[in-house]
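Have a look at the structure below, then the notes.
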Amino acid sequence: MAGLIKDEDIATVRERARIDEVVSDYVTLRNAGGGSMKGLCPFHDEKSPSFHVTPSRNFYHCFGCEAGGDVIKFVMEIEGLGFSDAVERLADKVGVQLRYTEGAPTGPRRDAGQRSRLIDAHRVAQEFYADQLTTPDAMAARQFLDGRGFDREAAATFGVGFAPRGGEALLRHLRQKGFRDEELVTAGLVAQGRSAYDRFRGRLLWPIRETNGDTIGFGARRIFDDDRIDAKYLNTPDSPIYKKSHVLYGIDLARREIARSSQAVVVEGYTDVMACHLAGIGTAVATCGTAFGEDHGRVLRRLLHDHEEFRGEVIFTFDGDAAGQKAALRAFGGDQQFVSQTYVAVEPDGLDPCDLRLQKGDAAVRDLVARRVPLYRFVLGNVVARYDLDRADGRVDALREAAKLVSSIRDRSKVEAFARELAGMVGLDVEDARREVRRAAARGPEQPRGRRERAGPGSQGAPDQAAPRDPVPDPRDPRFSMERETLKLVVQHPSLVGPSAADVDAADFLHPHYRALWEAVVACGGPAAADDTWGTRLGAALPDPALEQVLSALAVEPLRSSKEADAGYVAAHVFRLQELTAMRRIAELKSRLQRTNPVDDAGDYNRMFGELVALEQHRRTLRDKAVGGG
């Protein structure tokens, strides 16, 4: 048995293991300036990046949950490992041969932590299963793959394997490699009855891996008609290293493309992931025997760097049948955890990506994703389609049913847009849709449908009259963080803002409260006109007393910086605010370009393309100013 790792080897591992490279296996990092990088913290749920990594010091720190340390500490925390296990994991990654005080270990690490042992067992099992796919007994498995358009190279790319039909083939192999039965039962590779036996027998297998490529479980498909287990798919049971609600098949292959393109495509099966990747959709992933949930969403958000508006998109593929519509409703319920836009892609003929590729080719799979529609529009459309909109009562019933969904949205800033969309779908006035959404919100999810809102004596229609206007902006809402921080600078440090805000416009503010406050700033002459009565003048210029609460909060709320505000900090926010506006205009223009035929409408297309080029240049100029301190 090995002793302690020598101190000089630990120092070598710590020096060679770049923390930004290690962290990037789990978190998408972006340049934060000053030699620092940032991303969404993997240790707690958040919607704005507070997790910072400083490669020059090899340290990380989260300003949200206060987690921090060096590269070894990060691996310990993210993988649940002890110190020695973390050092060994990093040593394997950077190619350091460790020495121990009592000699080096041989064979599987008997002294390693449980997680390392289970990971090692899965690695050996995956290699064994992949080898078995080439044997005569696996003919049916190879025929299954071939019938779905997957050749030997595709099987190797995705690590597909075959579990022999006998009950102890893997068990014997792992025993020979030095693993104990109790470890294999804990890992979910072996089941225990009167004796131990292979959990997967006579099935085609897909390895389920973490983002760093470690195999932690398997998905197994029924191949033989005489399989005693009727279930088409079996999955590894939850174990110390595998939680089906936390893992996504294909994430190891898709993570870099997801981060690069800011897009994730969520499909329903292992073969669908394979088909998408082979067709050129390298962002496809799938859940493993369970519905897409919040924990899956957290995994994608960290990779998407999901914290800025228009940052990216999550595209769900569903069948057009009742089950697919139910899945879309579930996804819609979790939609609010994403800042990225959510879409749904449905093949008109009901084909999943695997069958679509087989019947119509790779281009058809790419077209399926390209034809995506907003998730909320798909869900509301399915609800409205249940009613006869040619009848007045049908329109009213459709509005009431869909309003329940709209009112349940946690992100209140989206309610107005959805209400407008709903009105257009049903063919009623926008105000009717707004009123019904307010009524649905007042009833709440648990109240009976016919219950009316409370109103004072003789106050028919009072609930509508008393309905709240636009809600006070949440200071934690990441979509408006740049607007809020810029306005804090305008209120607290107007002399610093000065001329740099000359080109700021009301259109740069999406939240109506922030827009109204900026209009008050303009009415007072702008930041350059600030004096000792600045706060009082702003308050007097506000068009609505309700805005006073927003102004007072901005006046006392600390800046999101540990240092005093300076010209560079101001520039980073003022010009970044304008850049976001440019990005919105670019997104709108790209959308119009996509809907314009470059042949039939060559004039409009070329004009818009020229505008797009100019806007991109303007955006880059603003980014340079933001990064360069103006």
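Chain labels follow the order of the structure tokens: the first chain is A, the next B, and so on; residue numbering restarts at 1 in every chain, and ligands are counted from 1 in their shown order.
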Q) Which neighbours of segment 20-25 of chain A fall inside 10 Å, counting only C-alpha atoms, when residues of the same chain fewer than 5 positions from it are skipped, and could you give them as a PyMOL selection string? A) chain A and resi 30+36-39+42+52-56+58-60+71-72+74-75+78+90+93+210-213+252+255-256+303
Atoms to include: C-alpha atoms. Write the selected residues as a tab-separated table (two decimals), in the first residue's frame.
```
chain	number	residue	atom	x	y	z
A	30	ARG	CA	-14.65	34.39	-20.21
A	36	SER	CA	-8.88	37.45	-14.42
A	37	MET	CA	-11.55	35.18	-15.88
A	38	LYS	CA	-15.14	34.68	-14.74
A	39	GLY	CA	-18.08	32.38	-15.12
A	42	PRO	CA	-20.39	25.50	-10.08
A	52	HIS	CA	-13.52	34.41	-10.75
A	53	VAL	CA	-10.33	32.58	-11.72
A	54	THR	CA	-6.89	34.20	-11.73
A	55	PRO	CA	-4.49	32.01	-13.74
A	56	SER	CA	-1.40	34.00	-12.74
A	58	ASN	CA	-3.64	29.74	-9.78
A	59	PHE	CA	-6.55	30.65	-7.50
A	60	TYR	CA	-10.33	30.80	-7.81
A	71	VAL	CA	-6.35	24.17	-8.20
A	72	ILE	CA	-6.15	21.18	-5.84
A	74	PHE	CA	-11.11	23.10	-6.71
A	75	VAL	CA	-10.79	19.45	-7.78
A	78	ILE	CA	-16.02	19.75	-7.51
A	90	LEU	CA	-4.38	16.24	-11.51
A	93	LYS	CA	-4.01	15.09	-16.27
A	210	GLU	CA	-19.05	13.85	-17.24
A	211	THR	CA	-17.88	17.03	-18.95
A	212	ASN	CA	-14.25	16.02	-18.39
A	213	GLY	CA	-14.77	12.71	-20.21
A	252	ASP	CA	-18.36	15.53	-22.95
A	255	ARG	CA	-19.38	21.14	-24.07
A	256	ARG	CA	-16.79	23.04	-26.12
A	303	LEU	CA	-21.45	25.93	-20.15
```
Q | Residue set, segment 83-274 of chain A restricted to helix (DSSP H, G or I), as a PyMOL selection string | A | chain A and resi 83-94+114-132+136-147+152-158+169-176+181-187+251-261+270-274
Q | Spatial neighbours of Arg201 of chain A, max dist 9 Å, only C-alpha atoms, sep filter under 2 positions, as a list in words | A |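 Residues meeting the cut-off are Phe162, Ala163, Pro164, Arg165, Gly166, Gly167, Glu168, Asp198, Arg199, Arg203, Leu204, Ala220 and Asp227 of chain A.
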Writing out the chosen residues with C-alpha atoms as a PDB file, in the first residue's frame:
```
ATOM      1  CA  PHE A 162     -21.987  -4.458 -26.060  1.00  0.00           C
ATOM      2  CA  ALA A 163     -22.677  -6.348 -22.842  1.00  0.00           C
ATOM      3  CA  PRO A 164     -22.264 -10.138 -23.341  1.00  0.00           C
ATOM      4  CA  ARG A 165     -25.351 -12.255 -22.729  1.00  0.00           C
ATOM      5  CA  GLY A 166     -23.652 -14.347 -20.070  1.00  0.00           C
ATOM      6  CA  GLY A 167     -24.159 -13.168 -16.512  1.00  0.00           C
ATOM      7  CA  GLU A 168     -20.576 -12.780 -15.264  1.00  0.00           C
ATOM      8  CA  ASP A 198     -23.498  -8.320 -14.450  1.00  0.00           C
ATOM      9  CA  ARG A 199     -26.214  -5.652 -14.338  1.00  0.00           C
ATOM     10  CA  ARG A 203     -27.607  -5.112 -24.497  1.00  0.00           C
ATOM     11  CA  LEU A 204     -26.178  -2.316 -26.624  1.00  0.00           C
ATOM     12  CA  ALA A 220     -28.442   0.026 -22.228  1.00  0.00           C
ATOM     13  CA  ASP A 227     -34.326 -10.557 -23.152  1.00  0.00           C
TER      14      ASP A 227
END
```
Q.
So, with only C-alpha atoms as the atoms that count, which of A:Leu205, A:Leu98, A:Ala231, A:Leu278 lies closest to Glu153 of chain A?
A.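 Among the listed residues, the smallest separation from Glu153 of chain A belongs to A:Leu278.
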Q: Between atom CA of Asp397 of chain A and atom CA of Glu347 of chain A, measure the distance and give it in Å to one decimal.
A: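 Rounded to one decimal, the two atoms are 28.6 Å apart.
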**Q.** Shortest interatomic distance to Asp624 of chain A - which of A:Leu612, A:Tyr270, A:Gly394, A:Gly568, counting only C-alpha atoms
**A.**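 Among the listed residues, A:Gly568 lies closest to Asp624 of chain A.
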Q: Compare A:Leu589, A:Val497, A:Met482, A:Ala254 by their minimum atom-to-atom distance to Arg560 of chain A, counting only C-alpha atoms, and give me the closest one.
A: A:Met482
Which residues of segment 216-317 of chain A have any atom within 12 Å of an atom in segment 121-130 of chain A when counting only C-alpha atoms, and what is the closest pair of atoms for each, with the distance in Å to one decimal? Order the rows by chain and rising number and write it as a tab-separated table.
```
residue	atom	partner	partner_atom	distance
A:Ile216	CA	A:His122	CA	6.1
A:Gly217	CA	A:His122	CA	7.0
A:Phe218	CA	A:Gln126	CA	8.6
A:Gly219	CA	A:Gln126	CA	11.5
A:Ala220	CA	A:Tyr129	CA	11.2
A:Thr236	CA	A:His122	CA	11.0
A:Ile241	CA	A:His122	CA	10.3
A:Tyr242	CA	A:His122	CA	11.0
```
Can I get the selected residues back with N, CA and C atoms, as a short mmCIF file (atom, residue, chain, number, x, y, z; two decimals), in the first residue's frame?
```cif
data_model
loop_
_atom_site.label_atom_id
_atom_site.label_comp_id
_atom_site.auth_asym_id
_atom_site.auth_seq_id
_atom_site.Cartn_x
_atom_site.Cartn_y
_atom_site.Cartn_z
N ILE A 216 -19.22 7.55 -16.03
CA ILE A 216 -19.79 7.38 -14.70
C ILE A 216 -21.03 6.48 -14.71
N GLY A 217 -21.47 6.05 -15.90
CA GLY A 217 -22.64 5.20 -15.97
C GLY A 217 -22.86 4.74 -17.41
N PHE A 218 -23.95 3.99 -17.61
CA PHE A 218 -24.26 3.46 -18.94
C PHE A 218 -25.76 3.51 -19.18
N GLY A 219 -26.11 3.66 -20.45
CA GLY A 219 -27.48 3.47 -20.90
C GLY A 219 -27.49 2.23 -21.78
N ALA A 220 -28.46 1.33 -21.57
CA ALA A 220 -28.44 0.03 -22.23
C ALA A 220 -29.76 -0.22 -22.95
N THR A 236 -27.88 2.98 -15.57
CA THR A 236 -27.17 2.80 -14.31
C THR A 236 -27.99 3.42 -13.17
N ILE A 241 -21.30 8.39 -7.80
CA ILE A 241 -20.75 9.20 -8.88
C ILE A 241 -21.78 9.49 -9.98
N TYR A 242 -22.96 8.88 -9.91
CA TYR A 242 -23.94 9.03 -10.99
C TYR A 242 -25.30 9.42 -10.41
#
```
Q. Please, what distance in Å, to one decimal, runs between atom CA of Ala196 of chain A and atom CA of Glu182 of chain A?
A.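 Between atom CA of Ala196 of chain A and atom CA of Glu182 of chain A the gap is 9.2 Å.
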Q) Of the candidates A:Pro240, A:Ile315, A:Asp352, A:Met274, which shows the shortest atom-to-atom distance to Arg371 of chain A, using only C-alpha atoms? A) A:Ile315
Q: Would you please work out which residue, of A:Ala86, A:Val613, A:Val266, A:Ala291, is nearest to Lys244 of chain A when using only C-alpha atoms?
A: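 Result for the nearest residue to Lys244 of chain A: A:Ala291.
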